[in-house]
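*Asks:* Here you go, coords02.pdb (PDB, C-alpha atoms and all ligand atoms):
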ATOM      1  CA  MET J   1      -1.320   0.745  12.294  1.00  0.00           C
ATOM      2  CA  ASP J   2      -3.002  -2.469  11.151  1.00  0.00           C
ATOM      3  CA  ILE J   3      -1.200  -5.270  13.024  1.00  0.00           C
ATOM      4  CA  GLN J   4      -1.199  -7.419   9.855  1.00  0.00           C
ATOM      5  CA  LEU J   5       0.658  -4.691   7.983  1.00  0.00           C
ATOM      6  CA  GLU J   6       3.205  -4.413  10.780  1.00  0.00           C
ATOM      7  CA  GLU J   7       3.790  -8.163  10.671  1.00  0.00           C
ATOM      8  CA  LEU J   8       3.963  -8.222   6.888  1.00  0.00           C
ATOM      9  CA  GLU J   9       6.653  -5.525   6.857  1.00  0.00           C
ATOM     10  CA  LYS J  10       8.795  -7.663   9.190  1.00  0.00           C
ATOM     11  CA  GLU J  11       8.129 -10.748   7.055  1.00  0.00           C
ATOM     12  CA  ILE J  12       9.280  -8.969   3.897  1.00  0.00           C
ATOM     13  CA  TRP J  13      12.575  -8.046   5.542  1.00  0.00           C
ATOM     14  CA  ILE J  14      13.047 -11.636   6.707  1.00  0.00           C
ATOM     15  CA  MET J  15      12.441 -12.785   3.121  1.00  0.00           C
ATOM     16  CA  LEU J  16      15.145 -10.360   1.939  1.00  0.00           C
ATOM     17  CA  PHE J  17      17.495 -11.458   4.721  1.00  0.00           C
ATOM     18  CA  ASN J  18      17.022 -15.103   3.723  1.00  0.00           C
ATOM     19  CA  GLY J  19      17.554 -14.188   0.076  1.00  0.00           C
ATOM     20  CA  ALA J  20      20.933 -12.722   0.941  1.00  0.00           C
ATOM     21  CA  ASN J  21      21.981 -15.557   3.218  1.00  0.00           C
ATOM     22  CA  ARG J  22      20.708 -18.707   1.488  1.00  0.00           C
ATOM     23  CA  ALA J  23      22.407 -19.686  -1.776  1.00  0.00           C
ATOM     24  CA  LYS J  24      19.321 -21.343  -3.279  1.00  0.00           C
ATOM     25  CA  ASP J  25      16.746 -18.805  -2.131  1.00  0.00           C
ATOM     26  CA  ALA J  26      14.249 -17.492  -4.696  1.00  0.00           C
ATOM     27  CA  LEU J  27      15.186 -13.902  -3.816  1.00  0.00           C
ATOM     28  CA  LYS J  28      18.943 -14.466  -4.317  1.00  0.00           C
ATOM     29  CA  TYR J  29      18.783 -12.806  -7.756  1.00  0.00           C
ATOM     30  CA  PHE J  30      16.794  -9.705  -8.541  1.00  0.00           C
ATOM     31  CA  THR J  31      16.462  -6.901 -11.068  1.00  0.00           C
ATOM     32  CA  ILE J  32      17.824  -3.454 -10.313  1.00  0.00           C
ATOM     33  CA  SER J  33      17.334  -0.278 -12.334  1.00  0.00           C
ATOM     34  CA  SER J  34      19.300   2.815 -13.168  1.00  0.00           C
ATOM     35  CA  LEU J  35      18.337   5.884 -15.111  1.00  0.00           C
ATOM     36  CA  SER J  36      20.490   7.952 -17.447  1.00  0.00           C
ATOM     37  CA  SER J  37      19.969  10.442 -20.258  1.00  0.00           C
ATOM     38  CA  SER J  38      19.766   7.452 -22.653  1.00  0.00           C
ATOM     39  CA  GLY J  39      16.908   5.879 -20.682  1.00  0.00           C
ATOM     40  CA  ILE J  40      16.217   3.142 -18.163  1.00  0.00           C
ATOM     41  CA  GLY J  41      18.766   0.390 -17.514  1.00  0.00           C
ATOM     42  CA  LEU J  42      17.854  -3.003 -16.036  1.00  0.00           C
ATOM     43  CA  ARG J  43      20.016  -5.938 -15.014  1.00  0.00           C
ATOM     44  CA  THR J  44      20.059  -9.035 -12.800  1.00  0.00           C
ATOM     45  CA  VAL J  45      22.265  -8.910  -9.717  1.00  0.00           C
ATOM     46  CA  VAL J  46      22.994 -11.021  -6.635  1.00  0.00           C
ATOM     47  CA  LEU J  47      21.553  -9.990  -3.293  1.00  0.00           C
ATOM     48  CA  ARG J  48      24.618  -9.973  -1.035  1.00  0.00           C
ATOM     49  CA  LYS J  49      23.273  -8.548   2.200  1.00  0.00           C
ATOM     50  CA  ALA J  50      20.073  -7.269   3.787  1.00  0.00           C
ATOM     51  CA  ILE J  51      20.535  -5.196   6.935  1.00  0.00           C
ATOM     52  CA  ILE J  52      17.080  -5.095   8.484  1.00  0.00           C
ATOM     53  CA  GLN J  53      17.677  -2.376  11.092  1.00  0.00           C
ATOM     54  CA  ASN J  54      19.172  -0.031   8.457  1.00  0.00           C
ATOM     55  CA  ARG J  55      16.532  -0.916   5.830  1.00  0.00           C
ATOM     56  CA  GLU J  56      19.248  -1.483   3.278  1.00  0.00           C
ATOM     57  CA  ILE J  57      20.405  -4.137   0.828  1.00  0.00           C
ATOM     58  CA  HIS J  58      23.882  -4.555  -0.677  1.00  0.00           C
ATOM     59  CA  ILE J  59      25.118  -5.643  -4.077  1.00  0.00           C
ATOM     60  CA  TYR J  60      28.602  -5.862  -5.605  1.00  0.00           C
ATOM     61  CA  THR J  61      29.585  -4.649  -9.040  1.00  0.00           C
ATOM     62  CA  ASP J  62      32.441  -3.493 -11.232  1.00  0.00           C
ATOM     63  CA  ASN J  63      32.822   0.239 -10.735  1.00  0.00           C
ATOM     64  CA  ARG J  64      33.666   0.639 -14.446  1.00  0.00           C
ATOM     65  CA  SER J  65      30.175  -0.591 -15.408  1.00  0.00           C
ATOM     66  CA  LYS J  66      27.399   1.432 -16.996  1.00  0.00           C
ATOM     67  CA  LYS J  67      25.149   1.151 -13.938  1.00  0.00           C
ATOM     68  CA  TRP J  68      27.854   2.627 -11.688  1.00  0.00           C
ATOM     69  CA  LYS J  69      28.135   5.646 -13.979  1.00  0.00           C
ATOM     70  CA  ASP J  70      24.349   5.985 -14.117  1.00  0.00           C
ATOM     71  CA  TRP J  71      24.051   5.841 -10.324  1.00  0.00           C
ATOM     72  CA  SER J  72      26.857   8.346  -9.800  1.00  0.00           C
ATOM     73  CA  MET J  73      24.730  10.810 -11.780  1.00  0.00           C
ATOM     74  CA  ASN J  74      21.345   9.718 -10.432  1.00  0.00           C
ATOM     75  CA  PRO J  75      21.132   7.503  -7.347  1.00  0.00           C
ATOM     76  CA  ILE J  76      17.333   6.947  -7.533  1.00  0.00           C
ATOM     77  CA  THR J  77      16.777   3.220  -8.044  1.00  0.00           C
ATOM     78  CA  GLN J  78      14.211   0.417  -8.042  1.00  0.00           C
ATOM     79  CA  ALA J  79      14.784  -3.216  -7.120  1.00  0.00           C
ATOM     80  CA  LEU J  80      12.352  -5.940  -8.161  1.00  0.00           C
ATOM     81  CA  PHE J  81      12.174  -9.394  -6.576  1.00  0.00           C
ATOM     82  CA  TYR J  82       9.924 -12.326  -7.381  1.00  0.00           C
ATOM     83  CA  ASP J  83       9.503 -15.538  -5.441  1.00  0.00           C
ATOM     84  CA  GLY J  84       7.831 -18.090  -7.706  1.00  0.00           C
ATOM     85  CA  ASN J  85       7.203 -20.511  -4.832  1.00  0.00           C
ATOM     86  CA  SER J  86       5.137 -18.144  -2.732  1.00  0.00           C
ATOM     87  CA  LYS J  87       4.054 -16.093  -5.780  1.00  0.00           C
ATOM     88  CA  SER J  88       5.093 -12.872  -4.133  1.00  0.00           C
ATOM     89  CA  GLN J  89       6.587  -9.774  -5.668  1.00  0.00           C
ATOM     90  CA  ILE J  90       8.587  -7.151  -3.773  1.00  0.00           C
ATOM     91  CA  LEU J  91       9.321  -3.784  -5.326  1.00  0.00           C
ATOM     92  CA  LEU J  92      11.782  -1.544  -3.479  1.00  0.00           C
ATOM     93  CA  ASN J  93      12.199   2.158  -4.200  1.00  0.00           C
ATOM     94  CA  GLY J  94      15.122   4.091  -2.844  1.00  0.00           C
ATOM     95  CA  GLN J  95      18.552   5.364  -3.564  1.00  0.00           C
ATOM     96  CA  VAL J  96      22.001   3.916  -3.795  1.00  0.00           C
ATOM     97  CA  GLN J  97      25.279   4.898  -2.225  1.00  0.00           C
ATOM     98  CA  LEU J  98      28.431   3.901  -4.129  1.00  0.00           C
ATOM     99  CA  VAL J  99      31.293   2.698  -1.940  1.00  0.00           C
ATOM    100  CA  GLN J 100      34.834   2.021  -3.177  1.00  0.00           C
ATOM    101  CA  GLU J 101      36.927   2.506  -0.064  1.00  0.00           C
ATOM    102  CA  GLY J 102      36.724   2.158   3.711  1.00  0.00           C
ATOM    103  CA  LYS J 103      35.992  -0.629   6.151  1.00  0.00           C
ATOM    104  CA  ILE J 104      32.676  -1.957   4.827  1.00  0.00           C
ATOM    105  CA  TRP J 105      34.116  -1.986   1.312  1.00  0.00           C
ATOM    106  CA  GLU J 106      37.210  -3.880   2.543  1.00  0.00           C
ATOM    107  CA  ASP J 107      35.009  -6.329   4.473  1.00  0.00           C
ATOM    108  CA  ALA J 108      32.842  -6.898   1.397  1.00  0.00           C
ATOM    109  CA  TRP J 109      35.910  -7.526  -0.798  1.00  0.00           C
ATOM    110  CA  ASN J 110      37.354  -9.928   1.777  1.00  0.00           C
ATOM    111  CA  ALA J 111      34.062 -11.857   1.782  1.00  0.00           C
ATOM    112  CA  THR J 112      34.283 -12.571  -1.966  1.00  0.00           C
ATOM    113  CA  SER J 113      35.755 -15.853  -3.207  1.00  0.00           C
ATOM    114  CA  LEU J 114      38.741 -15.901  -5.573  1.00  0.00           C
ATOM    115  CA  LYS J 115      36.473 -17.351  -8.255  1.00  0.00           C
ATOM    116  CA  SER J 116      33.897 -14.564  -7.948  1.00  0.00           C
ATOM    117  CA  ARG J 117      36.638 -11.910  -8.159  1.00  0.00           C
ATOM    118  CA  LYS J 118      36.994 -12.762 -11.849  1.00  0.00           C
ATOM    119  CA  SER J 119      33.947 -10.510 -12.317  1.00  0.00           C
ATOM    120  CA  TYR J 120      36.158  -7.507 -11.557  1.00  0.00           C
ATOM    121  CA  MET J 121      39.192  -8.723 -13.525  1.00  0.00           C
ATOM    122  CA  THR J 122      38.397  -7.935 -17.150  1.00  0.00           C
ATOM    123  CA  GLU J 123      41.111  -5.888 -18.849  1.00  0.00           C
ATOM    124  CA  LEU J 124      38.578  -3.606 -20.518  1.00  0.00           C
ATOM    125  CA  PRO J 125      35.504  -2.189 -18.757  1.00  0.00           C
ATOM    126  CA  PRO J 126      32.294  -4.278 -18.820  1.00  0.00           C
ATOM    127  CA  GLY J 127      30.193  -3.428 -21.874  1.00  0.00           C
ATOM    128  CA  THR J 128      33.186  -2.671 -24.168  1.00  0.00           C
ATOM    129  CA  SER J 129      32.426  -4.113 -27.606  1.00  0.00           C
ATOM    130  CA  SER J 130      34.625  -6.841 -29.100  1.00  0.00           C
ATOM    131  CA  LYS J 131      34.856  -8.498 -32.518  1.00  0.00           C
ATOM    132  CA  LEU J 132      35.593 -11.869 -30.909  1.00  0.00           C
ATOM    133  CA  LYS J 133      33.664 -13.855 -28.319  1.00  0.00           C
ATOM    134  CA  THR J 134      35.647 -13.229 -25.126  1.00  0.00           C
ATOM    135  CA  SER J 135      35.547 -13.415 -21.326  1.00  0.00           C
ATOM    136  CA  GLY J 136      37.635 -10.246 -21.301  1.00  0.00           C
ATOM    137  CA  LEU J 137      40.055 -11.833 -18.839  1.00  0.00           C
ATOM    138  CA  LYS J 138      43.807 -11.760 -19.469  1.00  0.00           C
ATOM    139  CA  ILE J 139      44.247 -15.414 -18.553  1.00  0.00           C
ATOM    140  CA  ASP J 140      41.657 -18.107 -18.983  1.00  0.00           C
ATOM    141  CA  TYR J 141      40.708 -19.098 -15.442  1.00  0.00           C
ATOM    142  CA  GLU J 142      38.293 -21.812 -16.499  1.00  0.00           C
ATOM    143  CA  GLU J 143      40.522 -24.562 -15.100  1.00  0.00           C
ATOM    144  CA  LYS J 144      41.649 -22.869 -11.912  1.00  0.00           C
ATOM    145  CA  ASP J 145      40.883 -19.804  -9.833  1.00  0.00           C
ATOM    146  CA  PRO J 146      43.124 -16.715  -9.947  1.00  0.00           C
ATOM    147  CA  SER J 147      45.713 -16.436  -7.174  1.00  0.00           C
ATOM    148  CA  LEU J 148      44.998 -14.129  -4.255  1.00  0.00           C
ATOM    149  CA  GLU J 149      47.886 -11.917  -5.378  1.00  0.00           C
ATOM    150  CA  LYS J 150      46.494 -11.631  -8.905  1.00  0.00           C
ATOM    151  CA  THR J 151      43.007 -10.685  -7.688  1.00  0.00           C
ATOM    152  CA  LEU J 152      44.482  -7.822  -5.648  1.00  0.00           C
ATOM    153  CA  GLU J 153      45.638  -6.102  -8.852  1.00  0.00           C
ATOM    154  CA  TYR J 154      41.989  -5.679  -9.779  1.00  0.00           C
ATOM    155  CA  LYS J 155      40.594  -4.785  -6.352  1.00  0.00           C
ATOM    156  CA  LYS J 156      40.319  -1.166  -7.490  1.00  0.00           C
ATOM    157  CA  ASN J 157      37.466  -2.207  -9.828  1.00  0.00           C
ATOM    158  CA  PHE J 158      35.368  -3.617  -7.008  1.00  0.00           C
ATOM    159  CA  GLY J 159      32.342  -1.568  -6.058  1.00  0.00           C
ATOM    160  CA  LEU J 160      29.914  -1.996  -3.187  1.00  0.00           C
ATOM    161  CA  VAL J 161      26.427  -0.597  -3.728  1.00  0.00           C
ATOM    162  CA  ILE J 162      24.257   0.152  -0.708  1.00  0.00           C
ATOM    163  CA  PHE J 163      20.586   0.552  -1.561  1.00  0.00           C
ATOM    164  CA  SER J 164      18.581   2.399   1.119  1.00  0.00           C
ATOM    165  CA  VAL J 165      14.890   1.594   0.957  1.00  0.00           C
ATOM    166  CA  LYS J 166      12.565   4.575   1.000  1.00  0.00           C
ATOM    167  CA  ASN J 167       9.376   2.657   0.316  1.00  0.00           C
ATOM    168  CA  MET J 168       8.297  -0.805  -0.768  1.00  0.00           C
ATOM    169  CA  GLU J 169       5.363  -2.504  -2.341  1.00  0.00           C
ATOM    170  CA  TYR J 170       4.374  -6.108  -1.809  1.00  0.00           C
ATOM    171  CA  LEU J 171       2.005  -8.181  -3.928  1.00  0.00           C
ATOM    172  CA  LYS J 172       0.977 -11.749  -3.249  1.00  0.00           C
ATOM    173  CA  LEU J 173      -1.064 -13.895  -5.576  1.00  0.00           C
ATOM    174  CA  GLU J 174      -3.383 -16.249  -3.718  1.00  0.00           C
ATOM    175  CA  LYS J 175      -6.231 -18.458  -4.859  1.00  0.00           C
ATOM    176  CA  SER J 176      -8.450 -17.031  -2.138  1.00  0.00           C
ATOM    177  CA  GLY J 177      -7.716 -13.490  -3.373  1.00  0.00           C
ATOM    178  CA  ASN J 178      -4.606 -11.493  -4.169  1.00  0.00           C
ATOM    179  CA  PHE J 179      -3.421  -8.785  -1.823  1.00  0.00           C
ATOM    180  CA  ARG J 180      -1.084  -5.847  -2.054  1.00  0.00           C
ATOM    181  CA  ALA J 181       0.475  -3.473   0.487  1.00  0.00           C
ATOM    182  CA  PHE J 182       2.565  -0.314   0.485  1.00  0.00           C
ATOM    183  CA  PHE J 183       5.134   0.659   3.142  1.00  0.00           C
ATOM    184  CA  GLU J 184       6.937   3.959   3.422  1.00  0.00           C
ATOM    185  CA  TYR J 185       9.749   4.987   5.762  1.00  0.00           C
ATOM    186  CA  ARG J 186       9.382   8.618   6.697  1.00  0.00           C
ATOM    187  CA  ASP J 187      12.373  10.910   7.272  1.00  0.00           C
ATOM    188  CA  ASP J 188      12.080  10.295  11.038  1.00  0.00           C
ATOM    189  CA  GLN J 189      12.326   6.549  10.163  1.00  0.00           C
ATOM    190  CA  SER J 190       8.738   5.887  11.277  1.00  0.00           C
ATOM    191  CA  LEU J 191       6.740   3.482   9.139  1.00  0.00           C
ATOM    192  CA  GLN J 192       3.588   4.412   7.284  1.00  0.00           C
ATOM    193  CA  ALA J 193       1.663   1.600   5.628  1.00  0.00           C
ATOM    194  CA  ASN J 194      -1.566   0.819   3.859  1.00  0.00           C
ATOM    195  CA  TRP J 195      -3.234  -1.875   1.803  1.00  0.00           C
ATOM    196  CA  LEU J 196      -3.716  -1.403  -1.926  1.00  0.00           C
ATOM    197  CA  ILE J 197      -6.258  -2.888  -4.283  1.00  0.00           C
ATOM    198  CA  PRO J 198      -4.192  -5.526  -6.130  1.00  0.00           C
TER     199      PRO J 198
HETATM  200  C1  LIG J 201      22.413 -14.601 -12.556  1.00  0.00           C
HETATM  201  C2  LIG J 201      23.156 -13.308 -12.768  1.00  0.00           C
HETATM  202  C3  LIG J 201      23.707 -12.656 -11.674  1.00  0.00           C
HETATM  203  C4  LIG J 201      24.404 -11.469 -11.839  1.00  0.00           C
HETATM  204  N1  LIG J 201      24.907 -10.826 -10.749  1.00  0.00           N
HETATM  205  C5  LIG J 201      25.550  -9.645 -10.894  1.00  0.00           C
HETATM  206  C6  LIG J 201      25.997  -8.912  -9.760  1.00  0.00           C
HETATM  207  O1  LIG J 201      25.840  -9.327  -8.605  1.00  0.00           O
HETATM  208  N2  LIG J 201      26.622  -7.731  -9.984  1.00  0.00           N
HETATM  209  C7  LIG J 201      26.811  -7.225 -11.244  1.00  0.00           C
HETATM  210  O2  LIG J 201      27.379  -6.167 -11.368  1.00  0.00           O
HETATM  211  N3  LIG J 201      26.377  -7.888 -12.328  1.00  0.00           N
HETATM  212  C8  LIG J 201      25.748  -9.087 -12.180  1.00  0.00           C
HETATM  213  N4  LIG J 201      25.272  -9.743 -13.282  1.00  0.00           N
HETATM  214  C9  LIG J 201      25.512  -9.170 -14.626  1.00  0.00           C
HETATM  215  C10 LIG J 201      24.506  -8.028 -14.859  1.00  0.00           C
HETATM  216  O3  LIG J 201      23.219  -8.549 -15.063  1.00  0.00           O
HETATM  217  C11 LIG J 201      24.918  -7.125 -16.035  1.00  0.00           C
HETATM  218  O4  LIG J 201      24.924  -7.862 -17.227  1.00  0.00           O
HETATM  219  C12 LIG J 201      26.289  -6.484 -15.827  1.00  0.00           C
HETATM  220  O5  LIG J 201      26.515  -6.124 -14.476  1.00  0.00           O
HETATM  221  C13 LIG J 201      26.443  -5.242 -16.717  1.00  0.00           C
HETATM  222  O6  LIG J 201      25.427  -4.334 -16.371  1.00  0.00           O
HETATM  223  P1  LIG J 201      25.434  -2.803 -16.815  1.00  0.00           P
HETATM  224  O7  LIG J 201      26.068  -2.736 -18.170  1.00  0.00           O
HETATM  225  O8  LIG J 201      23.986  -2.446 -16.840  1.00  0.00           O
HETATM  226  O9  LIG J 201      26.206  -2.042 -15.799  1.00  0.00           O
HETATM  227  C14 LIG J 201      24.558 -10.916 -13.137  1.00  0.00           C
HETATM  228  C15 LIG J 201      23.972 -11.556 -14.226  1.00  0.00           C
HETATM  229  C16 LIG J 201      23.293 -12.733 -14.047  1.00  0.00           C
HETATM  230  C17 LIG J 201      22.684 -13.419 -15.244  1.00  0.00           C
END
Can you give me the file's structure in the form of structure tokens?
Ligand SMILES: Cc1cc2nc3c(=O)[nH]c(=O)nc-3n(C[C@H](O)[C@H](O)[C@H](O)COP(=O)(O)O)c2cc1C
*Replies:*
Amino acid sequence: MDIQLEELEKEIWIMLFNGANRAKDALKYFTISSLSSSGIGLRTVVLRKAIIQNREIHIYTDNRSKKWKDWSMNPITQALFYDGNSKSQILLNGQVQLVQEGKIWEDAWNATSLKSRKSYMTELPPGTSSKLKTSGLKIDYEEKDPSLEKTLEYKKNFGLVIFSVKNMEYLKLEKSGNFRAFFEYRDDQSLQANWLIP
């Protein structure tokens, strides 16, 4: 394989790793899709983890959300990242695994801050309509974070989503000429790659 492609594939994974591990990184937030009988769903999420050797990325969500239902019916998913500083776009294709028990789920929950656990603490499921403007939380936690004990009542709503990358496309805009590449992980985990006309 073209040595430049091999290096680029490693670079992309380092970009994703940095996105997960640096709070201010351009790849910290990305768009992830789901597909249901009513059509395509898109939303912004936080990149929580990128495990290079497993070719997977992790996100957290409320398991009562629409996307969770969509993915439980159809796990095929796309993830789209854009870094405005380097003008590079990464498109991941793959499928998600929904995790709501076990060690990695427990570890993920334990890694969340009390403040961020408010995302899983609405009384009604995310997306429920309301006549009044509301956070959906039972108590207003604007002034202080919920107690550890309180957050545990809502732990059951916490969902870990593991996205396994099947293939990815990279596009970089450059004054000297844009370039684009495609990478695919075969079933035996070997990498196949080629350049594309941008
Ligand atoms: C900056 C930002 C970060 C977000 N991060 C997450 C996230 O990590 N997980 C999540 O479930 N929703 C996150 N959301 C909310 C989603 O975009 C979405 O509105 C919500 O999850 C409901 O999506 P659904 O109805 O398609 O399931 C984030 C929204 C914004 C604006």
*Asks:* Can you tell me which residues surround range 6-12 of chain J at a distance of at most 9 Å, considering all atoms listed in the file, apart from same-chain residues fewer than 3 positions away, and format the answer as a list in words?
*Replies:*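 Everything that qualifies: Met1, Asp2, Ile3, Met15, Leu16, Phe17, Ile52, Ile90, Tyr170, Ala181, Phe183, Leu191 and Ala193 of chain J.
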*Asks:* Kindly save the residues from that selection, with C-alpha atoms included, as a compact mmCIF listing (two decimals), keeping the file's coordinate frame.
*Replies:*
# COMPACT_ATOMS: atom_id res chain seq x y z
CA MET J 1 -1.32 0.74 12.29
CA ASP J 2 -3.00 -2.47 11.15
CA ILE J 3 -1.20 -5.27 13.02
CA MET J 15 12.44 -12.78 3.12
CA LEU J 16 15.14 -10.36 1.94
CA PHE J 17 17.50 -11.46 4.72
CA ILE J 52 17.08 -5.10 8.48
CA ILE J 90 8.59 -7.15 -3.77
CA TYR J 170 4.37 -6.11 -1.81
CA ALA J 181 0.48 -3.47 0.49
CA PHE J 183 5.13 0.66 3.14
CA LEU J 191 6.74 3.48 9.14
CA ALA J 193 1.66 1.60 5.63
*Asks:* Using only C-alpha atoms and all ligand atoms, I'd like a table of the residues in chain J that come within 8 Å of ligand LIG 201 (chain J); for each, show the closest atom pair and its distance in Å rounded to one decimal, ordered by chain and ascending number, as JSON lines.
*Replies:*
{"residue": "J:Tyr29", "atom": "CA", "partner": "J:LIG201", "partner_atom": "C1", "distance": 6.3}
{"residue": "J:Ser34", "atom": "CA", "partner": "J:LIG201", "partner_atom": "O8", "distance": 7.9}
{"residue": "J:Gly41", "atom": "CA", "partner": "J:LIG201", "partner_atom": "O8", "distance": 6.0}
{"residue": "J:Leu42", "atom": "CA", "partner": "J:LIG201", "partner_atom": "O8", "distance": 6.2}
{"residue": "J:Arg43", "atom": "CA", "partner": "J:LIG201", "partner_atom": "O3", "distance": 4.1}
{"residue": "J:Thr44", "atom": "CA", "partner": "J:LIG201", "partner_atom": "O3", "distance": 3.9}
{"residue": "J:Val45", "atom": "CA", "partner": "J:LIG201", "partner_atom": "N1", "distance": 3.4}
{"residue": "J:Val46", "atom": "CA", "partner": "J:LIG201", "partner_atom": "O1", "distance": 3.9}
{"residue": "J:Leu47", "atom": "CA", "partner": "J:LIG201", "partner_atom": "O1", "distance": 6.9}
{"residue": "J:Arg48", "atom": "CA", "partner": "J:LIG201", "partner_atom": "O1", "distance": 7.7}
{"residue": "J:Ile59", "atom": "CA", "partner": "J:LIG201", "partner_atom": "O1", "distance": 5.9}
{"residue": "J:Tyr60", "atom": "CA", "partner": "J:LIG201", "partner_atom": "N2", "distance": 5.2}
{"residue": "J:Thr61", "atom": "CA", "partner": "J:LIG201", "partner_atom": "O2", "distance": 3.5}
{"residue": "J:Asp62", "atom": "CA", "partner": "J:LIG201", "partner_atom": "O2", "distance": 5.7}
{"residue": "J:Ser65", "atom": "CA", "partner": "J:LIG201", "partner_atom": "O9", "distance": 4.2}
{"residue": "J:Lys66", "atom": "CA", "partner": "J:LIG201", "partner_atom": "O9", "distance": 3.9}
{"residue": "J:Lys67", "atom": "CA", "partner": "J:LIG201", "partner_atom": "O9", "distance": 3.8}
{"residue": "J:Trp68", "atom": "CA", "partner": "J:LIG201", "partner_atom": "O9", "distance": 6.4}
{"residue": "J:Ser119", "atom": "CA", "partner": "J:LIG201", "partner_atom": "C7", "distance": 7.9}
{"residue": "J:Pro126", "atom": "CA", "partner": "J:LIG201", "partner_atom": "C13", "distance": 6.3}
{"residue": "J:Gly127", "atom": "CA", "partner": "J:LIG201", "partner_atom": "O7", "distance": 5.6}
*Asks:* Rounded to one decimal place, report the CA of Lys103 in chain J-CA of Thr151 in chain J distance in Å.
*Replies:* 18.5 Å
*Asks:* If you apply the PyMOL selection byres (((chain J and resi 83) around 12) and not hetatm) to this file, what residues do you get, as a list of chain:residue names?
*Replies:*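 For this structure, the PyMOL selection byres (((chain J and resi 83) around 12) and not hetatm) resolves to J:Ile12, J:Met15, J:Leu16, J:Asn18, J:Gly19, J:Lys24, J:Asp25, J:Ala26, J:Leu27, J:Lys28, J:Tyr29, J:Phe30, J:Leu80, J:Phe81, J:Tyr82, J:Gly84, J:Asn85, J:Ser86, J:Lys87, J:Ser88, J:Gln89, J:Ile90, J:Leu91, J:Tyr170, J:Leu171, J:Lys172, J:Leu173.
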*Asks:* Applying the PyMOL selection byres (((chain J and resi 70) around 10) and not hetatm) to the file I just gave you, which residues come out? Please list them as a VMD selection string.
*Replies:* chain J and resid 33 to 41 65 to 69 71 to 76
*Asks:* If I take CA of Asn194 in chain J and CA of Ala79 in chain J, how far is one from the other in Å, to one decimal?
*Replies:*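 Going from CA of Asn194 in chain J over to CA of Ala79 in chain J, I get 20.1 Å.
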*Asks:* Do you have the CA of Trp105 in chain J-CA of Phe158 in chain J distance handy?
*Replies:*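 CA of Trp105 in chain J sits 8.6 Å away from CA of Phe158 in chain J.
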*Asks:* Counting only C-alpha atoms, which residues come within 12 Å of (43.6, -0.4, -8.9), with the point read in the file's coordinates, and could you list them as a list in words?
*Replies:*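 So the residues meeting the distance criterion are Asp62, Asn63, Arg64, Gln100, Glu101, Tyr120, Met121, Glu123, Lys150, Thr151, Leu152, Glu153, Tyr154, Lys155, Lys156, Asn157, Phe158 and Gly159 of chain J.
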*Asks:* When you count all atoms listed in the file, which of these residues is closest to Leu160 in chain J: J:Asn110, J:Asn21, J:Ser135, J:Gln4?
*Replies:*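 The closest residue to Leu160 in chain J is J:Asn110.
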*Asks:* My list of candidates is J:Arg55, J:Lys131, J:Lys115, J:Lys49. Which is closest to Gln189 in chain J when distances are computed with all atoms listed in the file?
*Replies:* J:Arg55
*Asks:* How big is the axis-aligned box around all listed atoms of range 46-58 of chain J once 6 Å goes on each side, and where's its centre, in Å to one decimal, as AutoDock Vina command-line options?
*Replies:*
--center_x 20.6 --center_y -5.5 --center_z 2.2 --size_x 20.1 --size_y 23.0 --size_z 29.7
*Asks:* I need the residue nearest Thr77 in chain J from this list: J:Ser113, J:Gln192, J:Gln95, J:Ser164. Use only C-alpha atoms for the distance.
*Replies:* J:Gln95
*Asks:* Name the residues in contact with Ile197 in chain J at a cut-off of 9 Å, using all atoms listed in the file, excluding same-chain residues fewer than 6 positions from it; report them as a list in words.
*Replies:*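 The filter keeps Asn178, Phe179, Arg180 and Ala181 of chain J.
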